[in-house]
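Text of query-v3.txt, listed as compact mmCIF, C-alpha atoms:
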```
# COMPACT_ATOMS: atom_id res chain seq x y z
CA MET L 1 -12.21 2.15 8.15
CA ALA L 2 -10.96 0.84 11.52
CA LYS L 3 -9.40 3.41 13.84
CA PRO L 4 -5.82 2.90 15.06
CA ILE L 5 -5.49 1.90 18.72
CA VAL L 6 -3.27 3.79 21.17
CA ALA L 7 -2.75 2.26 24.63
CA ILE L 8 -1.82 4.26 27.74
CA VAL L 9 0.36 2.10 30.03
CA GLY L 10 2.54 2.54 33.11
CA ARG L 11 2.86 1.46 36.71
CA PRO L 12 0.00 2.23 39.13
CA ASN L 13 -0.74 5.77 40.31
CA VAL L 14 1.26 7.75 37.72
CA GLY L 15 -1.87 9.52 36.40
CA LYS L 16 -2.84 7.35 33.42
CA SER L 17 -6.59 7.69 33.96
CA THR L 18 -6.37 11.46 34.48
CA LEU L 19 -4.41 11.75 31.23
CA PHE L 20 -6.94 9.50 29.47
CA ASN L 21 -9.83 11.70 30.65
CA LYS L 22 -8.00 14.85 29.55
CA LEU L 23 -7.27 13.49 26.06
CA ILE L 24 -10.80 12.28 25.29
CA GLY L 25 -12.46 15.25 26.98
CA GLN L 26 -14.73 13.17 29.21
CA ARG L 27 -14.57 11.71 32.69
CA LEU L 28 -14.85 8.05 31.71
CA ALA L 29 -12.07 6.64 33.87
CA ILE L 30 -12.41 6.52 37.64
CA VAL L 31 -9.71 8.79 39.07
CA GLU L 32 -8.61 8.30 42.65
CA ASP L 33 -5.26 8.83 44.36
CA THR L 34 -4.98 5.14 45.17
CA PRO L 35 -2.85 2.67 43.19
CA GLY L 36 -4.88 0.09 41.27
CA VAL L 37 -8.17 2.00 40.92
CA THR L 38 -8.24 1.38 37.16
CA ARG L 39 -8.41 -2.39 36.99
CA ASP L 40 -9.65 -2.88 33.45
CA ARG L 41 -9.13 -1.19 30.14
CA LEU L 42 -11.40 1.67 29.20
CA TYR L 43 -11.62 3.01 25.69
CA GLY L 44 -12.67 6.29 24.12
CA ASN L 45 -12.43 8.09 20.80
CA CYS L 46 -9.68 10.70 20.56
CA GLU L 47 -9.11 13.22 17.76
CA TRP L 48 -5.94 15.20 17.15
CA GLY L 49 -5.38 17.12 13.92
CA ALA L 50 -6.25 14.87 10.98
CA HIS L 51 -6.05 11.76 13.15
CA GLU L 52 -8.81 9.89 14.92
CA PHE L 53 -7.95 6.88 17.06
CA LEU L 54 -9.25 4.66 19.83
CA LEU L 55 -7.50 5.51 23.12
CA VAL L 56 -7.27 2.71 25.68
CA ASP L 57 -6.69 3.25 29.41
CA THR L 58 -5.13 0.28 31.25
CA GLY L 59 -4.62 -0.82 34.80
CA GLY L 60 -1.13 -0.27 36.17
CA ILE L 61 1.54 -2.79 35.25
CA GLU L 62 3.24 -4.53 38.17
CA PRO L 63 6.13 -6.49 36.58
CA ARG L 64 6.52 -8.82 39.56
CA ILE L 65 3.31 -9.74 41.24
CA ASP L 66 1.69 -12.34 43.46
CA ASP L 67 -1.70 -10.73 44.04
CA GLY L 68 -4.44 -12.20 41.81
CA MET L 69 -6.05 -8.88 40.91
CA LEU L 70 -2.71 -7.25 40.06
CA GLU L 71 -1.89 -10.25 37.86
CA HIS L 72 -5.18 -9.71 36.05
CA MET L 73 -4.36 -6.00 35.59
CA ARG L 74 -0.98 -6.92 34.07
CA GLU L 75 -2.70 -9.41 31.74
CA GLN L 76 -5.13 -6.69 30.66
CA ALA L 77 -2.32 -4.21 30.01
CA GLN L 78 -0.35 -6.82 28.02
CA LEU L 79 -3.43 -7.49 25.89
CA ALA L 80 -3.72 -3.76 25.18
CA ILE L 81 -0.02 -3.57 24.26
CA ASP L 82 -0.32 -6.54 21.89
CA THR L 83 -3.28 -4.98 20.10
CA ALA L 84 -2.15 -1.34 20.03
CA ASP L 85 -0.67 0.49 17.04
CA ALA L 86 1.22 2.86 19.36
CA ILE L 87 1.83 3.12 23.12
CA ILE L 88 1.98 6.08 25.50
CA PHE L 89 4.18 5.08 28.46
CA VAL L 90 3.34 7.30 31.44
CA THR L 91 5.87 7.92 34.23
CA ASP L 92 5.94 10.28 37.25
CA ILE L 93 8.44 13.18 37.51
CA ARG L 94 8.00 13.30 41.29
CA ALA L 95 8.94 9.65 41.78
CA GLY L 96 11.74 9.72 39.23
CA VAL L 97 12.85 6.66 37.27
CA THR L 98 11.93 3.59 39.34
CA ALA L 99 12.96 -0.05 38.97
CA GLN L 100 9.39 -0.78 37.88
CA ASP L 101 9.62 1.86 35.13
CA SER L 102 12.82 0.21 33.84
CA GLU L 103 11.22 -3.23 33.79
CA ILE L 104 8.13 -1.93 32.01
CA ALA L 105 10.32 -0.09 29.48
CA SER L 106 12.12 -3.36 28.71
CA MET L 107 8.77 -5.13 28.26
CA LEU L 108 7.54 -2.40 25.92
CA LEU L 109 10.73 -2.47 23.85
CA ARG L 110 10.28 -6.22 23.36
CA SER L 111 6.80 -5.56 21.93
CA GLY L 112 8.35 -3.74 18.95
CA LYS L 113 5.55 -1.15 19.03
CA PRO L 114 6.14 2.63 18.67
CA ILE L 115 6.46 4.08 22.18
CA VAL L 116 6.02 7.70 23.28
CA LEU L 117 7.40 8.42 26.75
CA ALA L 118 5.24 10.84 28.76
CA VAL L 119 6.63 12.19 32.05
CA ASN L 120 3.57 13.22 34.01
CA LYS L 121 2.93 15.69 36.86
CA VAL L 122 5.10 18.44 35.34
CA ASP L 123 2.48 20.98 36.39
CA ARG L 124 4.53 24.19 36.12
CA LEU L 125 4.97 26.02 32.84
CA GLY L 126 8.38 27.12 31.63
CA GLU L 127 11.65 25.25 31.44
CA PRO L 128 11.22 21.55 32.28
CA PRO L 129 12.84 20.43 35.55
CA MET L 130 16.31 18.88 35.44
CA GLU L 131 14.85 15.56 36.68
CA LEU L 132 13.26 15.13 33.24
CA TYR L 133 16.61 14.20 31.72
CA ASP L 134 16.89 11.17 34.01
CA PHE L 135 14.16 9.53 31.91
CA TYR L 136 16.48 9.24 28.88
CA SER L 137 17.98 6.31 30.80
CA LEU L 138 14.91 4.23 29.92
CA GLY L 139 16.14 4.03 26.32
CA LEU L 140 12.82 5.14 24.82
CA GLY L 141 13.99 8.38 23.22
CA GLU L 142 12.84 11.88 24.09
CA PRO L 143 10.67 12.18 27.24
CA TYR L 144 7.66 14.52 26.85
CA PRO L 145 6.82 16.53 29.98
CA VAL L 146 3.03 16.64 30.48
CA SER L 147 0.48 17.60 33.07
CA SER L 148 -2.53 15.31 32.94
CA VAL L 149 -4.37 17.65 35.33
CA HIS L 150 -3.85 20.89 33.38
CA GLY L 151 -3.18 19.48 29.90
CA HIS L 152 0.25 21.13 29.52
CA GLY L 153 2.46 19.38 26.99
CA THR L 154 -0.18 16.98 25.72
CA GLY L 155 -0.20 18.62 22.28
CA ASP L 156 3.50 17.89 21.64
CA MET L 157 3.02 14.37 22.97
CA LEU L 158 0.03 13.73 20.65
CA ASP L 159 1.96 15.14 17.69
CA GLU L 160 4.59 12.48 18.32
CA VAL L 161 1.96 9.74 18.76
CA CYS L 162 0.30 10.67 15.47
CA LYS L 163 3.61 10.37 13.58
CA HIS L 164 3.31 6.63 14.18
CA LEU L 165 -0.30 6.33 13.02
CA HIS L 166 -1.06 5.74 9.37
CA VAL L 167 -3.73 8.08 7.96
CA GLU L 168 -5.65 6.58 5.08
CA GLU L 169 -7.84 8.74 2.90
CA PRO L 170 -11.47 7.60 3.09
CA GLN L 171 -12.27 5.58 0.01
CA GLU L 172 -15.37 4.03 -1.42
CA ASP L 173 -15.50 0.43 -0.32
CA HIS L 174 -15.25 -1.73 -3.42
CA ASP L 175 -14.50 -4.95 -1.56
CA GLU L 176 -17.26 -7.42 -2.40
CA ARG L 177 -16.58 -9.35 0.79
CA ILE L 178 -18.76 -8.63 3.81
CA SER L 179 -16.71 -8.53 7.02
CA VAL L 180 -18.64 -10.10 9.90
CA ALA L 181 -17.60 -9.95 13.57
CA VAL L 182 -19.05 -12.77 15.68
CA ILE L 183 -19.21 -11.28 19.17
CA GLY L 184 -20.66 -12.15 22.56
CA ARG L 185 -19.89 -13.61 25.95
CA PRO L 186 -17.58 -16.61 26.39
CA ASN L 187 -18.99 -20.05 25.68
CA VAL L 188 -22.04 -18.93 23.71
CA GLY L 189 -20.84 -20.85 20.64
CA LYS L 190 -19.00 -18.24 18.56
CA SER L 191 -16.21 -20.62 17.53
CA SER L 192 -18.68 -23.45 16.95
CA LEU L 193 -20.64 -21.25 14.55
CA VAL L 194 -17.54 -20.24 12.59
CA ASN L 195 -16.38 -23.87 12.49
CA TYR L 196 -19.76 -25.00 11.15
CA ILE L 197 -19.65 -22.30 8.48
CA LEU L 198 -16.09 -23.24 7.49
CA GLY L 199 -16.83 -26.94 7.56
CA GLU L 200 -13.65 -27.56 9.51
CA ASP L 201 -12.39 -27.24 13.06
CA ARG L 202 -10.53 -23.99 12.41
CA MET L 203 -11.15 -22.69 15.93
CA ILE L 204 -10.47 -24.52 19.15
CA VAL L 205 -13.86 -25.40 20.60
CA ALA L 206 -14.09 -26.35 24.24
CA ASN L 207 -16.72 -26.07 26.91
CA ILE L 208 -14.44 -23.69 28.80
CA ALA L 209 -14.95 -19.93 28.89
CA GLY L 210 -12.13 -17.94 27.33
CA THR L 211 -10.72 -20.58 24.94
CA THR L 212 -10.46 -18.06 22.10
CA ARG L 213 -7.83 -15.44 23.00
CA ASP L 214 -7.40 -13.67 19.66
CA ALA L 215 -9.67 -12.35 16.93
CA VAL L 216 -9.27 -14.78 14.01
CA ASP L 217 -10.29 -13.96 10.41
CA SER L 218 -11.63 -16.65 8.08
CA GLU L 219 -12.70 -16.14 4.46
CA VAL L 220 -15.87 -17.86 3.27
CA GLU L 221 -17.37 -18.00 -0.22
CA ASN L 222 -20.65 -19.76 -0.92
CA LYS L 223 -23.88 -19.33 -2.85
CA TYR L 224 -24.76 -16.30 -0.70
CA GLY L 225 -21.57 -14.37 -1.54
CA LYS L 226 -18.12 -13.66 -0.12
CA PHE L 227 -17.60 -13.10 3.60
CA ILE L 228 -14.82 -12.64 6.17
CA PHE L 229 -15.85 -14.04 9.55
CA THR L 230 -13.96 -12.89 12.65
CA ASP L 231 -14.28 -15.13 15.68
CA THR L 232 -13.52 -13.01 18.73
CA ALA L 233 -12.57 -13.65 22.32
CA GLY L 234 -15.65 -13.39 24.49
CA LEU L 235 -16.28 -10.81 27.16
CA ARG L 236 -14.69 -12.76 29.97
CA LYS L 237 -16.35 -12.47 33.35
CA ARG L 238 -13.71 -12.20 36.03
CA GLY L 239 -13.98 -13.29 39.64
CA LYS L 240 -15.45 -10.82 42.07
CA VAL L 241 -12.94 -8.58 43.82
CA GLU L 242 -13.19 -6.38 46.87
CA ASP L 243 -15.68 -3.91 45.43
CA GLY L 244 -17.76 -6.63 43.75
CA VAL L 245 -17.35 -5.18 40.25
CA GLU L 246 -17.18 -7.65 37.35
CA ARG L 247 -14.25 -7.29 34.93
CA TYR L 248 -14.23 -7.92 31.21
CA SER L 249 -11.64 -8.52 28.57
CA VAL L 250 -12.99 -6.69 25.52
CA LEU L 251 -10.31 -4.92 23.49
CA ARG L 252 -9.88 -7.43 20.68
CA SER L 253 -13.64 -7.78 20.34
CA LEU L 254 -13.87 -3.99 20.08
CA ALA L 255 -11.16 -3.93 17.42
CA ALA L 256 -13.00 -6.66 15.49
CA VAL L 257 -16.22 -4.63 15.66
CA GLU L 258 -14.34 -1.58 14.34
CA ARG L 259 -13.11 -3.54 11.29
CA SER L 260 -16.44 -5.19 10.51
CA LYS L 261 -19.47 -4.20 8.46
CA VAL L 262 -21.88 -6.58 10.21
CA CYS L 263 -21.91 -7.78 13.84
CA VAL L 264 -23.52 -11.08 14.79
CA ILE L 265 -24.28 -10.76 18.50
CA MET L 266 -24.56 -14.27 19.91
CA ILE L 267 -26.78 -15.05 22.90
CA ASP L 268 -26.96 -18.36 24.76
CA ALA L 269 -30.58 -19.57 24.56
CA THR L 270 -30.12 -21.67 27.70
CA GLU L 271 -29.03 -18.65 29.78
CA GLY L 272 -30.84 -15.74 28.14
CA PHE L 273 -29.85 -12.07 28.19
CA THR L 274 -27.10 -10.82 30.54
CA GLU L 275 -25.39 -7.50 31.29
CA GLN L 276 -22.32 -8.56 29.27
CA ASP L 277 -24.54 -9.01 26.21
CA SER L 278 -25.76 -5.42 26.47
CA LYS L 279 -22.16 -4.14 26.78
CA VAL L 280 -20.89 -5.73 23.58
CA ALA L 281 -24.11 -4.99 21.68
CA GLY L 282 -23.96 -1.38 22.87
CA PHE L 283 -20.49 -0.91 21.41
CA ALA L 284 -21.60 -2.32 18.03
CA HIS L 285 -24.58 0.07 18.12
CA GLU L 286 -22.39 3.08 19.00
CA GLN L 287 -20.08 2.29 16.08
CA GLY L 288 -23.02 2.28 13.67
CA LYS L 289 -22.64 -1.34 12.57
CA ALA L 290 -25.35 -3.48 11.01
CA CYS L 291 -26.41 -5.97 13.70
CA ILE L 292 -28.09 -9.34 14.01
CA ILE L 293 -28.96 -11.01 17.32
CA ALA L 294 -28.32 -14.75 16.95
CA VAL L 295 -29.80 -16.87 19.74
CA ASN L 296 -27.61 -19.98 19.75
CA LYS L 297 -28.12 -23.44 21.32
CA TRP L 298 -31.79 -23.35 20.35
CA ASP L 299 -31.62 -27.15 19.93
CA ALA L 300 -30.88 -27.47 23.67
CA VAL L 301 -34.02 -25.60 24.78
CA GLU L 302 -37.19 -27.46 25.75
CA LYS L 303 -39.91 -25.70 23.83
CA ASP L 304 -43.49 -25.67 22.68
CA ASP L 305 -45.23 -23.62 20.00
CA LYS L 306 -45.04 -20.45 22.15
CA THR L 307 -41.43 -20.62 23.41
CA MET L 308 -39.88 -18.74 20.48
CA ASP L 309 -42.43 -15.92 20.57
CA VAL L 310 -42.05 -15.50 24.33
CA MET L 311 -38.25 -15.34 24.09
CA ARG L 312 -38.36 -13.01 21.10
CA LYS L 313 -40.56 -10.55 23.02
CA LYS L 314 -38.25 -10.71 26.04
CA LEU L 315 -35.15 -10.09 23.91
CA MET L 316 -36.84 -7.19 22.12
CA ASN L 317 -37.36 -5.63 25.54
CA ASP L 318 -33.81 -6.42 26.69
CA PHE L 319 -32.35 -4.95 23.48
CA SER L 320 -34.79 -2.00 23.34
CA PHE L 321 -31.86 0.34 22.56
CA MET L 322 -31.36 -1.51 19.26
CA SER L 323 -34.89 -2.58 18.39
CA TYR L 324 -33.93 -2.47 14.68
CA ALA L 325 -31.79 -5.64 14.99
CA PRO L 326 -33.45 -8.83 13.66
CA ILE L 327 -33.48 -11.81 16.03
CA LEU L 328 -32.66 -15.28 14.67
CA PHE L 329 -32.78 -18.57 16.59
CA ILE L 330 -29.97 -20.89 15.49
CA SER L 331 -27.93 -23.91 16.45
CA ALA L 332 -24.23 -23.83 15.62
CA LYS L 333 -24.09 -27.52 16.56
CA THR L 334 -26.74 -28.75 14.10
CA GLY L 335 -26.61 -25.90 11.57
CA GLN L 336 -30.26 -24.98 12.17
CA ARG L 337 -31.09 -21.70 10.33
CA VAL L 338 -27.42 -20.94 9.54
CA ASP L 339 -28.44 -20.52 5.86
CA ARG L 340 -30.96 -17.92 6.99
CA LEU L 341 -28.14 -16.18 8.90
CA PHE L 342 -26.22 -15.66 5.62
CA GLU L 343 -29.32 -14.15 4.01
CA LEU L 344 -29.76 -11.79 6.95
CA ILE L 345 -26.09 -10.75 6.89
CA LYS L 346 -26.39 -9.75 3.22
CA PHE L 347 -29.69 -7.96 3.87
CA VAL L 348 -28.58 -5.88 6.88
CA ASP L 349 -25.30 -4.98 5.12
CA GLU L 350 -27.30 -3.55 2.21
CA GLN L 351 -29.52 -1.65 4.65
CA ASN L 352 -26.48 -0.22 6.43
CA ALA L 353 -25.12 1.06 3.09
CA MET L 354 -28.46 2.38 1.77
CA ARG L 355 -28.56 5.87 0.26
CA ILE L 356 -31.83 7.80 -0.08
CA THR L 357 -32.28 10.81 -2.36
CA THR L 358 -32.99 14.24 -0.88
CA GLY L 359 -36.23 14.44 -2.89
CA MET L 360 -37.59 11.24 -1.39
CA LEU L 361 -36.58 12.33 2.11
CA ASN L 362 -38.35 15.66 1.81
CA ASP L 363 -41.51 14.05 0.46
CA LEU L 364 -41.46 11.88 3.59
CA LEU L 365 -40.79 14.94 5.76
CA ALA L 366 -43.79 16.78 4.33
CA ARG L 367 -46.09 13.82 5.03
CA ALA L 368 -44.68 13.26 8.52
CA THR L 369 -45.04 16.90 9.65
CA ALA L 370 -48.57 17.09 8.19
CA ARG L 371 -49.57 13.95 10.11
CA VAL L 372 -48.01 15.02 13.44
CA GLN L 373 -47.34 18.72 13.90
CA PRO L 374 -43.84 19.68 15.10
CA PRO L 375 -43.69 20.70 18.79
CA SER L 376 -43.88 24.29 19.99
CA ASP L 377 -42.82 26.16 23.11
CA LYS L 378 -44.04 29.56 24.32
CA GLY L 379 -45.68 30.31 21.00
CA LYS L 380 -42.63 29.35 18.92
CA ARG L 381 -43.07 26.29 16.71
CA LEU L 382 -40.37 24.03 15.32
CA LYS L 383 -39.90 24.37 11.58
CA ILE L 384 -37.98 21.70 9.67
CA TYR L 385 -36.84 23.22 6.37
CA TYR L 386 -35.40 20.15 4.71
CA MET L 387 -33.57 16.88 5.29
CA THR L 388 -30.70 15.25 3.41
CA GLN L 389 -28.51 12.17 3.85
CA ILE L 390 -24.83 12.93 4.42
CA SER L 391 -23.33 9.44 4.81
CA THR L 392 -23.87 5.70 4.99
CA ARG L 393 -22.66 3.00 7.42
CA PRO L 394 -24.77 3.94 9.27
CA PRO L 395 -27.32 5.98 7.27
CA THR L 396 -26.91 9.51 8.66
CA PHE L 397 -29.39 12.32 7.96
CA VAL L 398 -29.20 16.06 8.60
CA CYS L 399 -32.36 18.00 9.47
CA PHE L 400 -32.17 21.78 8.98
CA CYS L 401 -34.53 23.56 11.36
CA ASN L 402 -35.17 26.92 13.01
CA SER L 403 -34.32 25.73 16.56
CA LYS L 404 -32.53 22.62 17.79
CA GLN L 405 -33.98 23.19 21.28
CA LEU L 406 -37.52 22.80 19.94
CA PHE L 407 -36.61 19.55 18.18
CA HIS L 408 -37.45 17.34 21.16
CA PHE L 409 -36.10 13.82 21.44
CA SER L 410 -39.58 12.32 21.06
CA TYR L 411 -40.06 14.12 17.74
CA GLN L 412 -36.62 12.99 16.56
CA ARG L 413 -37.68 9.42 17.35
CA TYR L 414 -40.91 9.99 15.42
CA ILE L 415 -38.99 11.19 12.33
CA GLU L 416 -36.57 8.25 12.60
CA ASN L 417 -39.52 5.83 12.83
CA GLN L 418 -41.07 7.41 9.74
CA ILE L 419 -37.80 6.95 7.83
CA ARG L 420 -37.66 3.29 8.87
CA GLU L 421 -41.34 2.74 8.07
CA THR L 422 -40.88 4.15 4.56
CA PHE L 423 -37.43 2.87 3.57
CA GLY L 424 -36.91 -0.16 5.82
CA LEU L 425 -33.38 0.26 7.22
CA GLU L 426 -33.79 -2.95 9.21
CA GLY L 427 -30.73 -4.16 11.06
CA THR L 428 -28.91 -0.83 11.05
CA PRO L 429 -28.74 2.16 13.39
CA VAL L 430 -29.93 5.49 12.00
CA ARG L 431 -28.28 8.78 12.95
CA LEU L 432 -30.18 12.07 12.92
CA VAL L 433 -28.08 15.25 13.04
CA LEU L 434 -29.75 18.61 13.79
CA ARG L 435 -28.59 21.86 12.20
CA GLU L 436 -30.04 25.35 12.53
CA ARG L 437 -30.32 27.43 9.38
CA GLY L 438 -26.92 28.87 8.47
CA GLU L 439 -24.96 26.03 10.08
CA LYS L 440 -22.86 23.91 7.75
CA PRO L 441 -23.68 20.20 7.54
```
Can you give me the file's structure in the form of structure tokens?
Amino acid sequence: MAKPIVAIVGRPNVGKSTLFNKLIGQRLAIVEDTPGVTRDRLYGNCEWGAHEFLLVDTGGIEPRIDDGMLEHMREQAQLAIDTADAIIFVTDIRAGVTAQDSEIASMLLRSGKPIVLAVNKVDRLGEPPMELYDFYSLGLGEPYPVSSVHGHGTGDMLDEVCKHLHVEEPQEDHDERISVAVIGRPNVGKSSLVNYILGEDRMIVANIAGTTRDAVDSEVENKYGKFIFTDTAGLRKRGKVEDGVERYSVLRSLAAVERSKVCVIMIDATEGFTEQDSKVAGFAHEQGKACIIAVNKWDAVEKDDKTMDVMRKKLMNDFSFMSYAPILFISAKTGQRVDRLFELIKFVDEQNAMRITTGMLNDLLARATARVQPPSDKGKRLKIYYMTQISTRPPTFVCFCNSKQLFHFSYQRYIENQIRETFGLEGTPVRLVLRERGEKP
């Protein structure tokens, strides 16, 4: 089930990134007392009560702008607003209601999205300052006083945010259709692949990066089964700015990954692996999706009988963090191996949803620990009492042991490899959760 998306927006230097870090409990956003430090959206998982959602930090909105980078920041924020299920609009109690705040409020009201007004930098406890009431003039309802530094007031604000988020009870997925997100950098052939599959020019295809702006769903039914393909906007590489950092437009691709069961990560065979490829693949891996690496434009590569093997080995090294993902060389232009892609999609989806009995897992555990003894430290040896699977998509296993500290990463990798060797689980991440005796799974 896809998580709702909540975007944090506001003009520069009102404390959006500090609030973002406070809400997700990590320091993901760069925080500096200089307007414009956050120039691209950042995302993180946030939990509050029974709700779990994807929180998005945006660059500050400058309603009237001439500077190229500020224009890009506004474009990024607008993209976040368009995609969000709810919006937290952050203002600054010290600056009061500014003309920029009023313009942004008007823009947000036009979006039709639920808006929660947060008045930041109210750092003292007790009665809110009288200046808070000025913010009613924005026409966004009750202003919530918060302190992004100390966390004061964020609970009441999140309660209001969650009122606008729909909580669905987890249900068994009975939909026969396999949802597939086609993701990757711009101009690697995502739209061309979907068009070939559909047999029609459903997507605009041009040799220009960034042609696809939205995630577009298309239903397909053929001899392999029923599928929903989502063609996504690529990770757009922006021009270099003062600090030389590359910028990416990723939110809709991330949302498409959230909704999907299988991710087809497209690589351009003529260019090879890039940093952007690892970013989008890494998100699909983190979300536990079944993955396939599709190397497109294979027809355009000069090759001999060794070219494919050489490139496969290089990609296996580049994607070492997801070595489970099968690699397929295709051509969206000619349709080369596209039939094989359908077969792989069905296969990795089944692997991602595989359930293994506790009895079979513990037979494997007994063989694995007999073959390679568990590690020990200062005379104390790791004991693994039993293992059971607690969920699918991705397959997630709990190991009950006497000490999590003794369960070294290398031995966890060994157990995971044994699970894969015995049961396959190709094309899907595997999660291993450690519990000491007495802990609840």
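Distances to Leu328 (chain L) were evaluated for L:Thr230, L:Asn296, L:Ser192, L:Asn120 using only C-alpha atoms, and the minimum falls at L:Asn296.
Among the candidate residues L:Ala99, L:Ile419, L:Ile24, L:Cys401, the one lying nearest to Leu434 (chain L) is L:Cys401, with distances computed using only C-alpha atoms.
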Do a neighbour search on region 113-115 of chain L at 6 Å with all atoms listed in the file, toss out local chain neighbours closer than 4 positions, and write the hits as a VMD selection string.
chain L and resid 86 to 88
Could you write out that same residue set with C-alpha atoms as a PDB file, in the frame of the given file?
```pdb
ATOM      1  CA  ALA L  86       1.220   2.860  19.360  1.00  0.00           C
ATOM      2  CA  ILE L  87       1.830   3.120  23.120  1.00  0.00           C
ATOM      3  CA  ILE L  88       1.980   6.080  25.500  1.00  0.00           C
TER       4      ILE L  88
END
```
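Among the candidates L:Ile197, L:Val430, L:Cys399, L:Ala300, the residue lying nearest to Gly335 (chain L) is L:Ile197 (atoms considered: all atoms listed in the file).
Closest approach to Asp349 (chain L) among L:Cys291, L:Ala332, L:Met387, L:Ala370 is made by L:Cys291 (distances from only C-alpha atoms).
Remark: for Asn45 (chain L), the closest of the candidate residues L:Asp85, L:Asp217, L:Glu286, L:Asp123 is L:Glu286 (distances computed over all atoms listed in the file).
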So which residues touch Glu343 (chain L) within 12 Å, counting all atoms listed in the file, skipping near sequence neighbours fewer than 3 positions away, as JSON, numbers by chain?
{"L": [178, 222, 223, 224, 225, 226, 227, 292, 326, 328, 337, 338, 339, 340, 346, 347, 348, 349, 350]}
Between CA of Asn402 (chain L) and CA of Tyr385 (chain L), what is the distance in Å, rounded to a tenth?
7.8 Å
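Taking all atoms listed in the file into account, Val97 (chain L) lies nearest to L:Ser137 out of the set L:Ser137, L:Thr83, L:Ser260, L:Gln351.
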Select, counting all atoms listed in the file, all protein, DNA and RNA residues no farther than 12 Å from (11.0, -1.5, 39.5) in file coordinates, and express the selection as number ranges by chain.
L: 10-12, 61-65, 91, 95-106, 138
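Put simply, CA of His166 (chain L) is 20.4 Å away from CA of Leu109 (chain L).
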Would you fill the gaps in region 403-416 of chain L so it has N, CA and C atoms, then print it as a PDB file, in the frame of the given file?
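File result-v1.pdb, as written:
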```pdb
ATOM      1  N   SER L 403     -34.792  25.793  15.174  1.00  0.00           N
ATOM      2  CA  SER L 403     -34.320  25.730  16.560  1.00  0.00           C
ATOM      3  C   SER L 403     -34.087  24.285  16.974  1.00  0.00           C
ATOM      4  N   LYS L 404     -32.839  23.976  17.330  1.00  0.00           N
ATOM      5  CA  LYS L 404     -32.530  22.620  17.790  1.00  0.00           C
ATOM      6  C   LYS L 404     -33.199  22.336  19.143  1.00  0.00           C
ATOM      7  N   GLN L 405     -33.368  23.388  19.959  1.00  0.00           N
ATOM      8  CA  GLN L 405     -33.980  23.190  21.280  1.00  0.00           C
ATOM      9  C   GLN L 405     -35.428  22.728  21.163  1.00  0.00           C
ATOM     10  N   LEU L 406     -36.120  23.197  20.126  1.00  0.00           N
ATOM     11  CA  LEU L 406     -37.520  22.800  19.940  1.00  0.00           C
ATOM     12  C   LEU L 406     -37.661  21.386  19.383  1.00  0.00           C
ATOM     13  N   PHE L 407     -36.572  20.869  18.811  1.00  0.00           N
ATOM     14  CA  PHE L 407     -36.610  19.550  18.180  1.00  0.00           C
ATOM     15  C   PHE L 407     -36.434  18.490  19.269  1.00  0.00           C
ATOM     16  N   HIS L 408     -37.510  18.223  20.006  1.00  0.00           N
ATOM     17  CA  HIS L 408     -37.450  17.340  21.160  1.00  0.00           C
ATOM     18  C   HIS L 408     -37.070  15.920  20.742  1.00  0.00           C
ATOM     19  N   PHE L 409     -36.532  15.179  21.711  1.00  0.00           N
ATOM     20  CA  PHE L 409     -36.100  13.820  21.440  1.00  0.00           C
ATOM     21  C   PHE L 409     -37.247  12.960  20.911  1.00  0.00           C
ATOM     22  N   SER L 410     -38.431  13.143  21.491  1.00  0.00           N
ATOM     23  CA  SER L 410     -39.580  12.320  21.060  1.00  0.00           C
ATOM     24  C   SER L 410     -39.921  12.580  19.594  1.00  0.00           C
ATOM     25  N   TYR L 411     -39.766  13.828  19.137  1.00  0.00           N
ATOM     26  CA  TYR L 411     -40.060  14.120  17.740  1.00  0.00           C
ATOM     27  C   TYR L 411     -38.949  13.596  16.834  1.00  0.00           C
ATOM     28  N   GLN L 412     -37.713  13.614  17.319  1.00  0.00           N
ATOM     29  CA  GLN L 412     -36.620  12.990  16.560  1.00  0.00           C
ATOM     30  C   GLN L 412     -36.899  11.501  16.375  1.00  0.00           C
ATOM     31  N   ARG L 413     -37.363  10.843  17.433  1.00  0.00           N
ATOM     32  CA  ARG L 413     -37.680   9.420  17.350  1.00  0.00           C
ATOM     33  C   ARG L 413     -38.827   9.193  16.361  1.00  0.00           C
ATOM     34  N   TYR L 414     -39.788  10.100  16.364  1.00  0.00           N
ATOM     35  CA  TYR L 414     -40.910   9.990  15.420  1.00  0.00           C
ATOM     36  C   TYR L 414     -40.406  10.076  13.970  1.00  0.00           C
ATOM     37  N   ILE L 415     -39.524  11.042  13.689  1.00  0.00           N
ATOM     38  CA  ILE L 415     -38.990  11.190  12.330  1.00  0.00           C
ATOM     39  C   ILE L 415     -38.182   9.957  11.940  1.00  0.00           C
ATOM     40  N   GLU L 416     -37.368   9.455  12.887  1.00  0.00           N
ATOM     41  CA  GLU L 416     -36.570   8.250  12.600  1.00  0.00           C
ATOM     42  C   GLU L 416     -37.496   7.066  12.293  1.00  0.00           C
TER      43      GLU L 416
END
```
